[in-house]
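> Take this structure first; my questions come after.
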Number of protein chains: 2
Amino acid sequence: MQNDTAKIDKLPGKRVTNQRRLLINILKQANRHLDADELFSRAKLQEPHISLSTVYRNLRLFKDLGVITERHFIEEHHHYEVRLKADHHHLICVECGRVVEFDSDQIAQIAKKIGREQDFDVTDSDLHIEGYCPRCKKLGKNKDQ
Amino acid sequence: MQNDTAKIDKLPGKRVTNQRRLLINILKQANRHLDADELFSRAKLQEPHISLSTVYRNLRLFKDLGVITERHFIEEHHHYEVRLKADHHHLICVECGRVVEFDSDQIAQIAKKIGREQDFDVTDSDLHIEGYCPRCKKLGKNKDQ
DNA sequence: CTGCCTGCAAATCTTTTGCACCGAT
DNA sequence: ATCGGTGCAAAAGATTTGCAGGCAG
(Lines give C-alpha, C1' and ligand atoms only; values in the text may rest on other atoms or scores of the structure.)
Protein backbone atom coordinates (compact mmCIF):
# COMPACT_ATOMS: atom_id res chain seq x y z
CA MET A 1 0.00 0.00 0.00
CA GLN A 2 2.90 2.34 0.54
CA ASN A 3 4.70 1.07 -2.50
CA ASP A 4 4.06 4.40 -4.09
CA THR A 5 6.11 6.10 -1.46
CA ALA A 6 8.87 3.59 -1.98
CA LYS A 7 8.74 4.27 -5.69
CA ILE A 8 9.04 7.97 -4.96
CA ASP A 9 11.93 7.69 -2.58
CA LYS A 10 13.85 5.39 -4.85
CA LEU A 11 12.83 5.54 -8.47
CA PRO A 12 13.22 1.99 -9.67
CA GLY A 13 15.98 1.57 -12.24
CA LYS A 14 16.35 5.32 -12.54
CA ARG A 15 18.83 7.70 -11.04
CA VAL A 16 17.81 9.72 -8.05
CA THR A 17 18.82 13.27 -8.76
CA ASN A 18 18.27 16.35 -6.67
CA GLN A 19 15.88 17.65 -9.27
CA ARG A 20 13.74 14.52 -9.11
CA ARG A 21 13.66 14.46 -5.34
CA LEU A 22 12.72 18.11 -5.29
CA LEU A 23 9.94 17.75 -7.86
CA ILE A 24 8.40 14.77 -6.10
CA ASN A 25 8.50 16.57 -2.77
CA ILE A 26 6.78 19.62 -4.17
CA LEU A 27 4.10 17.45 -5.71
CA LYS A 28 3.62 15.55 -2.48
CA GLN A 29 3.32 18.66 -0.39
CA ALA A 30 1.13 20.62 -2.79
CA ASN A 31 -2.35 21.00 -1.45
CA ARG A 32 -3.73 21.63 -4.89
CA HIS A 33 -3.09 20.18 -8.32
CA LEU A 34 -0.14 21.76 -10.04
CA ASP A 35 0.50 22.30 -13.71
CA ALA A 36 3.95 22.07 -15.24
CA ASP A 37 4.58 25.76 -14.96
CA GLU A 38 3.50 26.05 -11.34
CA LEU A 39 5.70 23.12 -10.46
CA PHE A 40 8.56 24.79 -12.30
CA SER A 41 8.11 28.07 -10.42
CA ARG A 42 8.06 26.35 -7.06
CA ALA A 43 11.07 24.24 -7.93
CA LYS A 44 13.04 27.31 -8.99
CA LEU A 45 12.68 28.77 -5.51
CA GLN A 46 14.83 25.96 -4.19
CA GLU A 47 16.86 25.11 -7.26
CA PRO A 48 17.10 28.29 -9.35
CA HIS A 49 18.92 26.52 -12.15
CA ILE A 50 16.32 23.87 -12.82
CA SER A 51 14.90 23.97 -16.31
CA LEU A 52 11.38 23.63 -17.57
CA SER A 53 12.39 20.72 -19.78
CA THR A 54 13.53 18.83 -16.73
CA VAL A 55 10.13 19.41 -15.23
CA TYR A 56 8.37 18.12 -18.33
CA ARG A 57 10.72 15.18 -18.71
CA ASN A 58 10.19 14.13 -15.13
CA LEU A 59 6.46 14.66 -15.14
CA ARG A 60 6.33 12.23 -17.99
CA LEU A 61 8.58 9.81 -16.14
CA PHE A 62 6.55 9.98 -12.94
CA LYS A 63 3.37 9.52 -14.89
CA ASP A 64 4.79 6.47 -16.67
CA LEU A 65 5.86 5.06 -13.32
CA GLY A 66 2.36 5.62 -12.03
CA VAL A 67 3.57 7.92 -9.27
CA ILE A 68 1.44 10.83 -10.36
CA THR A 69 -1.83 11.20 -12.17
CA GLU A 70 -2.51 13.63 -14.94
CA ARG A 71 -5.82 15.46 -14.78
CA HIS A 72 -7.66 17.82 -17.02
CA PHE A 73 -10.36 19.92 -15.49
CA ILE A 74 -11.89 23.04 -16.92
CA GLU A 75 -8.68 24.96 -17.43
CA GLU A 76 -6.64 24.60 -20.53
CA HIS A 77 -3.69 22.56 -19.42
CA HIS A 78 -2.83 19.43 -17.53
CA HIS A 79 -2.61 19.24 -13.78
CA TYR A 80 -0.75 16.67 -11.77
CA GLU A 81 -1.14 15.16 -8.36
CA VAL A 82 0.65 12.45 -6.47
CA ARG A 83 -1.32 9.24 -6.27
CA LEU A 84 -1.86 8.79 -2.56
CA LYS A 85 -4.81 6.46 -2.48
CA ALA A 86 -5.96 3.99 -5.06
CA ASP A 87 -8.90 6.10 -6.16
CA HIS A 88 -10.26 9.44 -5.25
CA HIS A 89 -12.76 11.65 -6.91
CA HIS A 90 -13.35 15.26 -7.84
CA LEU A 91 -16.07 17.86 -7.62
CA ILE A 92 -15.17 20.83 -9.80
CA CYS A 93 -16.78 24.26 -9.94
CA VAL A 94 -17.23 25.21 -13.58
CA GLU A 95 -17.29 28.87 -12.60
CA CYS A 96 -14.23 29.37 -10.41
CA GLY A 97 -12.37 26.11 -10.92
CA ARG A 98 -12.32 25.14 -7.27
CA VAL A 99 -11.71 21.42 -6.80
CA VAL A 100 -13.03 19.38 -3.90
CA GLU A 101 -11.65 15.87 -3.56
CA PHE A 102 -13.46 13.02 -1.90
CA ASP A 103 -13.30 9.26 -1.44
CA SER A 104 -15.96 6.69 -2.04
CA ASP A 105 -15.68 2.97 -1.77
CA GLN A 106 -19.00 2.65 -3.47
CA ILE A 107 -17.67 4.23 -6.64
CA ALA A 108 -14.59 2.02 -6.66
CA GLN A 109 -16.90 -0.97 -6.44
CA ILE A 110 -19.03 0.23 -9.31
CA ALA A 111 -15.91 0.82 -11.38
CA LYS A 112 -14.72 -2.71 -10.67
CA LYS A 113 -18.08 -4.15 -11.57
CA ILE A 114 -18.22 -2.29 -14.85
CA GLY A 115 -14.68 -3.32 -15.61
CA ARG A 116 -15.62 -6.93 -15.05
CA GLU A 117 -18.64 -6.63 -17.34
CA GLN A 118 -16.50 -5.20 -20.13
CA ASP A 119 -13.57 -7.52 -19.46
CA PHE A 120 -11.21 -4.68 -18.59
CA ASP A 121 -8.45 -4.80 -15.96
CA VAL A 122 -9.31 -1.64 -14.05
CA THR A 123 -6.35 0.33 -12.69
CA ASP A 124 -7.91 3.64 -11.72
CA SER A 125 -11.22 5.45 -11.52
CA ASP A 126 -12.24 9.05 -11.10
CA LEU A 127 -15.76 10.30 -10.72
CA HIS A 128 -15.55 13.78 -12.14
CA ILE A 129 -18.54 15.88 -11.09
CA GLU A 130 -19.05 19.39 -12.43
CA GLY A 131 -21.29 22.06 -11.08
CA TYR A 132 -21.48 25.37 -9.26
CA CYS A 133 -19.87 25.65 -5.87
CA PRO A 134 -21.73 27.26 -2.96
CA ARG A 135 -20.13 30.65 -3.47
CA CYS A 136 -20.55 30.81 -7.25
CA LYS A 137 -24.11 29.62 -7.24
CA LYS A 138 -24.92 32.31 -4.72
CA LEU A 139 -23.33 34.99 -6.88
CA GLY A 140 -25.81 34.01 -9.57
CA LYS A 141 -24.77 31.53 -12.17
CA ASN A 142 -27.35 32.78 -14.66
CA LYS A 143 -25.98 36.14 -15.58
CA ASP A 144 -24.44 36.03 -19.05
CA GLN A 145 -20.69 35.57 -19.03
CA MET B 1 -34.56 16.83 -23.12
CA GLN B 2 -33.88 17.40 -26.81
CA ASN B 3 -33.11 21.03 -26.25
CA ASP B 4 -29.55 20.30 -27.18
CA THR B 5 -30.57 19.34 -30.65
CA ALA B 6 -32.61 22.49 -30.96
CA LYS B 7 -29.63 24.50 -29.80
CA ILE B 8 -27.56 22.85 -32.49
CA ASP B 9 -29.99 23.44 -35.31
CA LYS B 10 -30.51 27.04 -34.39
CA LEU B 11 -27.70 28.50 -32.34
CA PRO B 12 -29.43 31.00 -30.08
CA GLY B 13 -28.47 34.59 -30.85
CA LYS B 14 -25.72 33.40 -33.14
CA ARG B 15 -25.54 33.14 -36.88
CA VAL B 16 -25.97 29.79 -38.51
CA THR B 17 -23.19 29.43 -41.03
CA ASN B 18 -22.33 26.51 -43.26
CA GLN B 19 -19.16 25.97 -41.29
CA ARG B 20 -21.06 25.69 -38.03
CA ARG B 21 -23.65 23.35 -39.43
CA LEU B 22 -20.91 21.21 -40.91
CA LEU B 23 -18.87 21.04 -37.71
CA ILE B 24 -21.86 20.13 -35.59
CA ASN B 25 -22.88 17.42 -38.03
CA ILE B 26 -19.44 15.88 -38.05
CA LEU B 27 -19.39 15.88 -34.27
CA LYS B 28 -22.85 14.35 -34.10
CA GLN B 29 -22.01 11.61 -36.56
CA ALA B 30 -18.58 10.79 -35.20
CA ASN B 31 -18.55 7.45 -33.50
CA ARG B 32 -15.51 8.37 -31.52
CA HIS B 33 -14.30 11.49 -29.76
CA LEU B 34 -12.58 13.91 -32.08
CA ASP B 35 -9.82 16.38 -31.37
CA ALA B 36 -9.60 19.76 -33.08
CA ASP B 37 -7.32 18.53 -35.79
CA GLU B 38 -9.37 15.45 -36.64
CA LEU B 39 -12.47 17.60 -36.82
CA PHE B 40 -10.61 20.00 -39.09
CA SER B 41 -9.49 17.20 -41.42
CA ARG B 42 -12.98 15.81 -41.74
CA ALA B 43 -14.46 19.24 -42.28
CA LYS B 44 -11.96 19.97 -45.04
CA LEU B 45 -13.24 17.00 -47.01
CA GLN B 46 -16.55 18.76 -47.42
CA GLU B 47 -15.46 22.37 -47.16
CA PRO B 48 -11.85 22.54 -48.36
CA HIS B 49 -11.55 26.22 -47.51
CA ILE B 50 -12.45 25.94 -43.86
CA SER B 51 -9.72 27.10 -41.54
CA LEU B 52 -8.41 25.61 -38.34
CA SER B 53 -9.15 28.84 -36.48
CA THR B 54 -12.78 28.48 -37.39
CA VAL B 55 -12.72 25.02 -35.91
CA TYR B 56 -11.17 26.25 -32.68
CA ARG B 57 -13.46 29.28 -32.46
CA ASN B 58 -16.52 27.14 -32.89
CA LEU B 59 -15.40 24.40 -30.55
CA ARG B 60 -15.13 27.06 -27.91
CA LEU B 61 -18.54 28.42 -28.81
CA PHE B 62 -20.19 25.00 -28.74
CA LYS B 63 -18.55 24.25 -25.44
CA ASP B 64 -19.78 27.53 -23.96
CA LEU B 65 -23.27 26.76 -25.20
CA GLY B 66 -23.04 23.36 -23.56
CA VAL B 67 -23.57 21.58 -26.86
CA ILE B 68 -20.36 19.61 -26.65
CA THR B 69 -18.20 18.34 -23.84
CA GLU B 70 -14.46 18.61 -23.71
CA ARG B 71 -12.63 15.53 -22.51
CA HIS B 72 -9.07 14.73 -21.74
CA PHE B 73 -8.14 11.09 -21.66
CA ILE B 74 -4.69 9.62 -21.83
CA GLU B 75 -3.67 11.27 -25.07
CA GLU B 76 -2.15 14.68 -25.12
CA HIS B 77 -4.95 16.86 -26.37
CA HIS B 78 -8.60 17.57 -25.86
CA HIS B 79 -11.34 15.53 -27.38
CA TYR B 80 -14.88 16.61 -27.98
CA GLU B 81 -18.21 14.89 -28.18
CA VAL B 82 -21.77 16.04 -28.59
CA ARG B 83 -23.76 15.87 -25.39
CA LEU B 84 -26.55 13.49 -26.18
CA LYS B 85 -27.60 12.39 -22.74
CA ALA B 86 -27.29 14.17 -19.46
CA ASP B 87 -24.49 11.98 -18.17
CA HIS B 88 -22.54 9.14 -19.56
CA HIS B 89 -19.35 7.53 -18.50
CA HIS B 90 -16.09 6.26 -19.92
CA LEU B 91 -13.90 3.22 -19.69
CA ILE B 92 -10.51 3.96 -21.26
CA CYS B 93 -7.72 1.58 -22.17
CA VAL B 94 -4.45 3.12 -21.00
CA GLU B 95 -2.57 1.05 -23.56
CA CYS B 96 -4.39 1.61 -26.85
CA GLY B 97 -6.71 4.49 -25.96
CA ARG B 98 -9.91 2.68 -26.82
CA VAL B 99 -12.92 4.29 -25.18
CA VAL B 100 -16.08 2.44 -24.17
CA GLU B 101 -19.01 4.60 -23.15
CA PHE B 102 -21.74 3.49 -20.80
CA ASP B 103 -24.69 4.81 -18.85
CA SER B 104 -25.50 4.36 -15.21
CA ASP B 105 -28.33 5.89 -13.26
CA GLN B 106 -26.65 4.74 -10.10
CA ILE B 107 -23.63 6.96 -10.73
CA ALA B 108 -25.79 9.96 -11.52
CA GLN B 109 -27.53 9.44 -8.19
CA ILE B 110 -24.26 9.22 -6.32
CA ALA B 111 -23.07 12.39 -8.02
CA LYS B 112 -26.26 14.18 -7.00
CA LYS B 113 -25.91 12.96 -3.43
CA ILE B 114 -22.31 14.12 -3.18
CA GLY B 115 -23.25 17.44 -4.71
CA ARG B 116 -25.93 17.85 -2.08
CA GLU B 117 -23.50 17.05 0.69
CA GLN B 118 -21.03 19.65 -0.54
CA ASP B 119 -23.72 22.18 -1.41
CA PHE B 120 -22.84 22.14 -5.12
CA ASP B 121 -25.33 22.52 -7.97
CA VAL B 122 -24.30 19.53 -10.06
CA THR B 123 -24.51 19.97 -13.82
CA ASP B 124 -22.57 17.00 -15.13
CA SER B 125 -20.77 13.88 -14.03
CA ASP B 126 -18.36 11.49 -15.65
CA LEU B 127 -17.03 8.32 -14.12
CA HIS B 128 -13.68 7.94 -15.81
CA ILE B 129 -12.33 4.41 -15.43
CA GLU B 130 -8.88 3.47 -16.66
CA GLY B 131 -7.49 0.04 -17.26
CA TYR B 132 -6.41 -2.49 -19.85
CA CYS B 133 -8.91 -3.55 -22.47
CA PRO B 134 -9.42 -7.24 -23.28
CA ARG B 135 -7.06 -7.17 -26.24
CA CYS B 136 -4.24 -5.22 -24.57
CA LYS B 137 -4.30 -7.21 -21.39
CA LYS B 138 -4.02 -10.37 -23.45
CA LEU B 139 -1.01 -9.01 -25.33
CA GLY B 140 0.70 -8.63 -21.99
CA LYS B 141 0.55 -5.33 -20.23
CA ASN B 142 3.77 -5.95 -18.34
CA LYS B 143 6.32 -5.67 -21.07
CA ASP B 144 8.41 -2.52 -20.73
CA GLN B 145 7.59 0.49 -22.89
C1' DC C 1 34.34 5.61 -15.53
C1' DT C 2 29.93 5.19 -18.01
C1' DG C 3 25.77 6.36 -19.39
C1' DC C 4 21.73 8.59 -17.64
C1' DC C 5 20.25 13.20 -16.63
C1' DT C 6 20.49 18.04 -17.00
C1' DG C 7 20.40 22.95 -18.81
C1' DC C 8 20.01 25.60 -22.66
C1' DA C 9 18.24 26.83 -27.03
C1' DA C 10 15.80 25.70 -30.86
C1' DA C 11 12.08 23.07 -32.83
C1' DT C 12 7.43 21.47 -32.85
C1' DC C 13 2.73 21.32 -31.81
C1' DT C 14 -1.56 23.39 -30.16
C1' DT C 15 -4.45 27.21 -29.64
C1' DT C 16 -5.44 32.20 -29.96
C1' DT C 17 -5.61 36.70 -32.16
C1' DG C 18 -5.55 40.81 -35.64
C1' DC C 19 -7.25 42.24 -39.72
C1' DA C 20 -9.72 42.85 -43.98
C1' DC C 21 -13.32 40.80 -46.50
C1' DC C 22 -17.75 38.16 -46.78
C1' DG C 23 -22.36 36.70 -46.00
C1' DA C 24 -26.52 35.69 -42.64
C1' DT C 25 -30.01 38.28 -40.88
C1' DA D 1 -26.79 47.59 -44.90
C1' DT D 2 -25.00 45.86 -40.62
C1' DC D 3 -22.09 43.38 -37.85
C1' DG D 4 -20.79 38.83 -36.60
C1' DG D 5 -18.10 35.14 -38.84
C1' DT D 6 -14.43 33.63 -41.77
C1' DG D 7 -9.76 32.75 -43.82
C1' DC D 8 -5.18 33.76 -43.57
C1' DA D 9 -0.99 34.69 -41.36
C1' DA D 10 1.30 35.73 -37.44
C1' DA D 11 1.56 35.45 -32.35
C1' DA D 12 1.35 33.17 -28.14
C1' DG D 13 1.50 29.11 -25.27
C1' DA D 14 2.64 24.40 -24.24
C1' DT D 15 5.62 20.56 -24.81
C1' DT D 16 9.50 18.06 -26.96
C1' DT D 17 14.13 17.39 -28.72
C1' DG D 18 19.36 17.84 -29.89
C1' DC D 19 23.50 18.50 -27.94
C1' DA D 20 27.48 19.05 -24.89
C1' DG D 21 28.74 18.82 -20.32
C1' DG D 22 27.78 16.99 -15.29
C1' DC D 23 27.03 13.66 -11.77
C1' DA D 24 24.85 9.24 -9.73
C1' DG D 25 25.89 4.60 -9.49
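Chain lettering (A, B, ...) mirrors the order of the C-alpha coordinates, residue numbering begins at 1 for each chain separately, and ligand numbering begins at 1 in order of display.
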When DSSP is applied to the backbone of this structure, which of stretch 50-120 of chain B are assigned alpha helix (DSSP H)? Write them out as a ChimeraX atom specification.

/B:52-65,105-118

> Counting only C-alpha atoms (C1' of nucleotides), give me one row per residue of chain A with an atom at most 12 Å from an atom of chain D, showing the shortest contact pair and its distance in Å to one decimal, sorted by chain then residue number, as a tab-separated table.


residue	atom	partner	partner_atom	distance
A:Gly13	CA	D:DG25	C1'	10.7
A:Lys14	CA	D:DA24	C1'	9.8
A:Arg15	CA	D:DA24	C1'	6.3
A:Val16	CA	D:DA24	C1'	7.3
A:Thr17	CA	D:DA24	C1'	7.3
A:Asn18	CA	D:DA24	C1'	10.2
A:Asp35	CA	D:DA14	C1'	10.9
A:Ala36	CA	D:DA14	C1'	9.4
A:Asp37	CA	D:DA14	C1'	9.6
A:Leu52	CA	D:DT15	C1'	9.8
A:Ser53	CA	D:DT16	C1'	8.2
A:Thr54	CA	D:DT16	C1'	11.0
A:Val55	CA	D:DT15	C1'	10.7
A:Tyr56	CA	D:DT15	C1'	7.5
A:Arg57	CA	D:DT16	C1'	8.8
A:Leu59	CA	D:DT15	C1'	11.4
A:Arg60	CA	D:DT15	C1'	10.8
A:Glu76	CA	D:DA14	C1'	10.0
A:His77	CA	D:DA14	C1'	8.2
A:His78	CA	D:DA14	C1'	10.0

> Would you give me, as a PyMOL selection string, the residues in stretch 71-121 of chain B that DSSP reads as strand (DSSP E)?

chain B and resi 71+79-82+89-93+99-102+121

> Could you please take those selected residues and save all heavy atoms as a tab-separated table (two decimals), in the first residue's frame?


chain	number	residue	atom	x	y	z
B	71	ARG	N	-13.16	16.62	-23.32
B	71	ARG	CA	-12.63	15.53	-22.51
B	71	ARG	C	-11.12	15.47	-22.65
B	71	ARG	O	-10.58	15.83	-23.69
B	71	ARG	CB	-13.17	14.18	-23.00
B	71	ARG	CG	-14.65	14.09	-23.11
B	71	ARG	CD	-15.24	13.60	-21.83
B	71	ARG	NE	-16.69	13.55	-21.93
B	71	ARG	CZ	-17.47	13.54	-20.85
B	71	ARG	NH1	-16.96	13.61	-19.65
B	71	ARG	NH2	-18.77	13.47	-21.00
B	79	HIS	N	-10.42	16.18	-26.46
B	79	HIS	CA	-11.34	15.53	-27.38
B	79	HIS	C	-12.73	16.04	-27.09
B	79	HIS	O	-13.03	16.43	-25.97
B	79	HIS	CB	-11.29	14.01	-27.20
B	79	HIS	CG	-10.12	13.41	-27.90
B	79	HIS	ND1	-8.83	13.65	-27.49
B	79	HIS	CD2	-10.03	12.64	-29.01
B	79	HIS	CE1	-8.00	13.02	-28.32
B	79	HIS	NE2	-8.70	12.40	-29.23
B	80	TYR	N	-13.56	16.03	-28.13
B	80	TYR	CA	-14.88	16.61	-27.98
B	80	TYR	C	-15.95	15.63	-28.41
B	80	TYR	O	-15.75	14.84	-29.31
B	80	TYR	CB	-14.99	17.87	-28.85
B	80	TYR	CG	-13.96	18.89	-28.50
B	80	TYR	CD1	-12.70	18.86	-29.09
B	80	TYR	CD2	-14.21	19.88	-27.55
B	80	TYR	CE1	-11.72	19.79	-28.75
B	80	TYR	CE2	-13.25	20.80	-27.20
B	80	TYR	CZ	-12.01	20.76	-27.81
B	80	TYR	OH	-11.05	21.67	-27.46
B	81	GLU	N	-17.09	15.72	-27.77
B	81	GLU	CA	-18.21	14.89	-28.18
B	81	GLU	C	-19.50	15.66	-27.93
B	81	GLU	O	-19.58	16.48	-27.02
B	81	GLU	CB	-18.23	13.58	-27.39
B	81	GLU	CG	-18.46	13.82	-25.92
B	81	GLU	CD	-18.45	12.53	-25.10
B	81	GLU	OE1	-18.84	11.49	-25.65
B	81	GLU	OE2	-18.06	12.60	-23.94
B	82	VAL	N	-20.48	15.40	-28.77
B	82	VAL	CA	-21.77	16.04	-28.59
B	82	VAL	C	-22.44	15.45	-27.36
B	82	VAL	O	-22.36	14.26	-27.10
B	82	VAL	CB	-22.66	15.83	-29.83
B	82	VAL	CG1	-24.06	16.35	-29.58
B	82	VAL	CG2	-22.05	16.52	-31.03
B	89	HIS	N	-20.62	7.80	-19.15
B	89	HIS	CA	-19.35	7.53	-18.50
B	89	HIS	C	-18.39	6.82	-19.44
B	89	HIS	O	-18.78	6.39	-20.51
B	89	HIS	CB	-19.64	6.76	-17.22
B	89	HIS	CG	-20.70	7.43	-16.40
B	89	HIS	ND1	-20.46	8.57	-15.67
B	89	HIS	CD2	-22.02	7.18	-16.28
B	89	HIS	CE1	-21.59	8.97	-15.11
B	89	HIS	NE2	-22.56	8.14	-15.46
B	90	HIS	N	-17.13	6.73	-19.02
B	90	HIS	CA	-16.09	6.26	-19.92
B	90	HIS	C	-15.16	5.25	-19.29
B	90	HIS	O	-14.71	5.43	-18.16
B	90	HIS	CB	-15.27	7.44	-20.41
B	90	HIS	CG	-16.07	8.45	-21.17
B	90	HIS	ND1	-16.76	9.46	-20.55
B	90	HIS	CD2	-16.32	8.58	-22.49
B	90	HIS	CE1	-17.39	10.19	-21.47
B	90	HIS	NE2	-17.15	9.67	-22.65
B	91	LEU	N	-14.86	4.24	-20.07
B	91	LEU	CA	-13.90	3.22	-19.69
B	91	LEU	C	-12.80	3.34	-20.74
B	91	LEU	O	-13.06	3.20	-21.94
B	91	LEU	CB	-14.62	1.87	-19.79
B	91	LEU	CG	-14.00	0.60	-19.28
B	91	LEU	CD1	-13.50	0.74	-17.85
B	91	LEU	CD2	-15.07	-0.52	-19.32
B	92	ILE	N	-11.58	3.65	-20.31
B	92	ILE	CA	-10.51	3.96	-21.26
B	92	ILE	C	-9.35	2.98	-21.11
B	92	ILE	O	-8.87	2.75	-20.01
B	92	ILE	CB	-9.98	5.39	-21.03
B	92	ILE	CG1	-11.09	6.39	-21.26
B	92	ILE	CG2	-8.81	5.69	-21.97
B	92	ILE	CD1	-11.63	6.98	-19.99
B	93	CYS	N	-8.88	2.46	-22.22
B	93	CYS	CA	-7.72	1.58	-22.17
B	93	CYS	C	-6.46	2.44	-22.16
B	93	CYS	O	-6.24	3.24	-23.08
B	93	CYS	CB	-7.68	0.63	-23.36
B	93	CYS	SG	-6.20	-0.40	-23.33
B	99	VAL	N	-11.97	3.75	-26.14
B	99	VAL	CA	-12.92	4.29	-25.18
B	99	VAL	C	-14.25	3.56	-25.30
B	99	VAL	O	-14.79	3.44	-26.40
B	99	VAL	CB	-13.18	5.79	-25.44
B	99	VAL	CG1	-14.22	6.32	-24.47
B	99	VAL	CG2	-11.89	6.59	-25.32
B	100	VAL	N	-14.75	3.06	-24.21
B	100	VAL	CA	-16.08	2.44	-24.17
B	100	VAL	C	-16.97	3.36	-23.35
B	100	VAL	O	-16.60	3.73	-22.24
B	100	VAL	CB	-16.04	1.05	-23.51
B	100	VAL	CG1	-17.43	0.47	-23.40
B	100	VAL	CG2	-15.12	0.12	-24.29
B	101	GLU	N	-18.10	3.74	-23.91
B	101	GLU	CA	-19.01	4.60	-23.15
B	101	GLU	C	-20.12	3.76	-22.54
B	101	GLU	O	-20.52	2.76	-23.11
B	101	GLU	CB	-19.63	5.65	-24.07
B	101	GLU	CG	-18.59	6.56	-24.65
B	101	GLU	CD	-19.21	7.69	-25.45
B	101	GLU	OE1	-20.44	7.75	-25.56
B	101	GLU	OE2	-18.44	8.52	-25.96
B	102	PHE	N	-20.61	4.20	-21.41
B	102	PHE	CA	-21.74	3.49	-20.80
B	102	PHE	C	-22.57	4.44	-19.97
B	102	PHE	O	-22.13	5.53	-19.60
B	102	PHE	CB	-21.24	2.31	-19.96
B	102	PHE	CG	-20.35	2.72	-18.82
B	102	PHE	CD1	-20.87	2.94	-17.56
B	102	PHE	CD2	-18.98	2.89	-19.02
B	102	PHE	CE1	-20.05	3.34	-16.51
B	102	PHE	CE2	-18.16	3.28	-17.98
B	102	PHE	CZ	-18.69	3.50	-16.73
B	121	ASP	N	-24.30	22.77	-6.97
B	121	ASP	CA	-25.33	22.52	-7.97
B	121	ASP	C	-24.68	21.68	-9.07
B	121	ASP	O	-23.94	22.20	-9.90
B	121	ASP	CB	-25.78	23.83	-8.63
B	121	ASP	CG	-27.00	24.40	-7.95
B	121	ASP	OD1	-27.35	23.91	-6.86
B	121	ASP	OD2	-27.60	25.33	-8.53

> Please find the residues of chain A near chain B - the criterion being any atom within 6 Å, counting only C-alpha atoms - and write them as a list in words.

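Result: His72, Asp119, Phe120, Asp121, Val122, Thr123, Asp124, Ser125, Asp126, Leu127, His128, Ile129, Glu130, Gly131, Tyr132, Cys133 and Pro134 of chain A.
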
> Could you list, as a list in words, the residues of chain C having an atom within 8 Å of chain A when counting only C-alpha atoms (C1' of nucleotides)?

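That gives DC4, DC5, DT6 and DG7 of chain C for chain C.
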
> Between A:Lys113, A:Lys63, A:Lys138, A:Arg32, which one has atoms that come closest to A:Arg98, using only C-alpha atoms?

A:Arg32

> What does the distance from atom CA of A:Asp103 to atom CA of A:Ala30 come to in Å, to one decimal?

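Rounded to one decimal, the two atoms are 18.4 Å apart.
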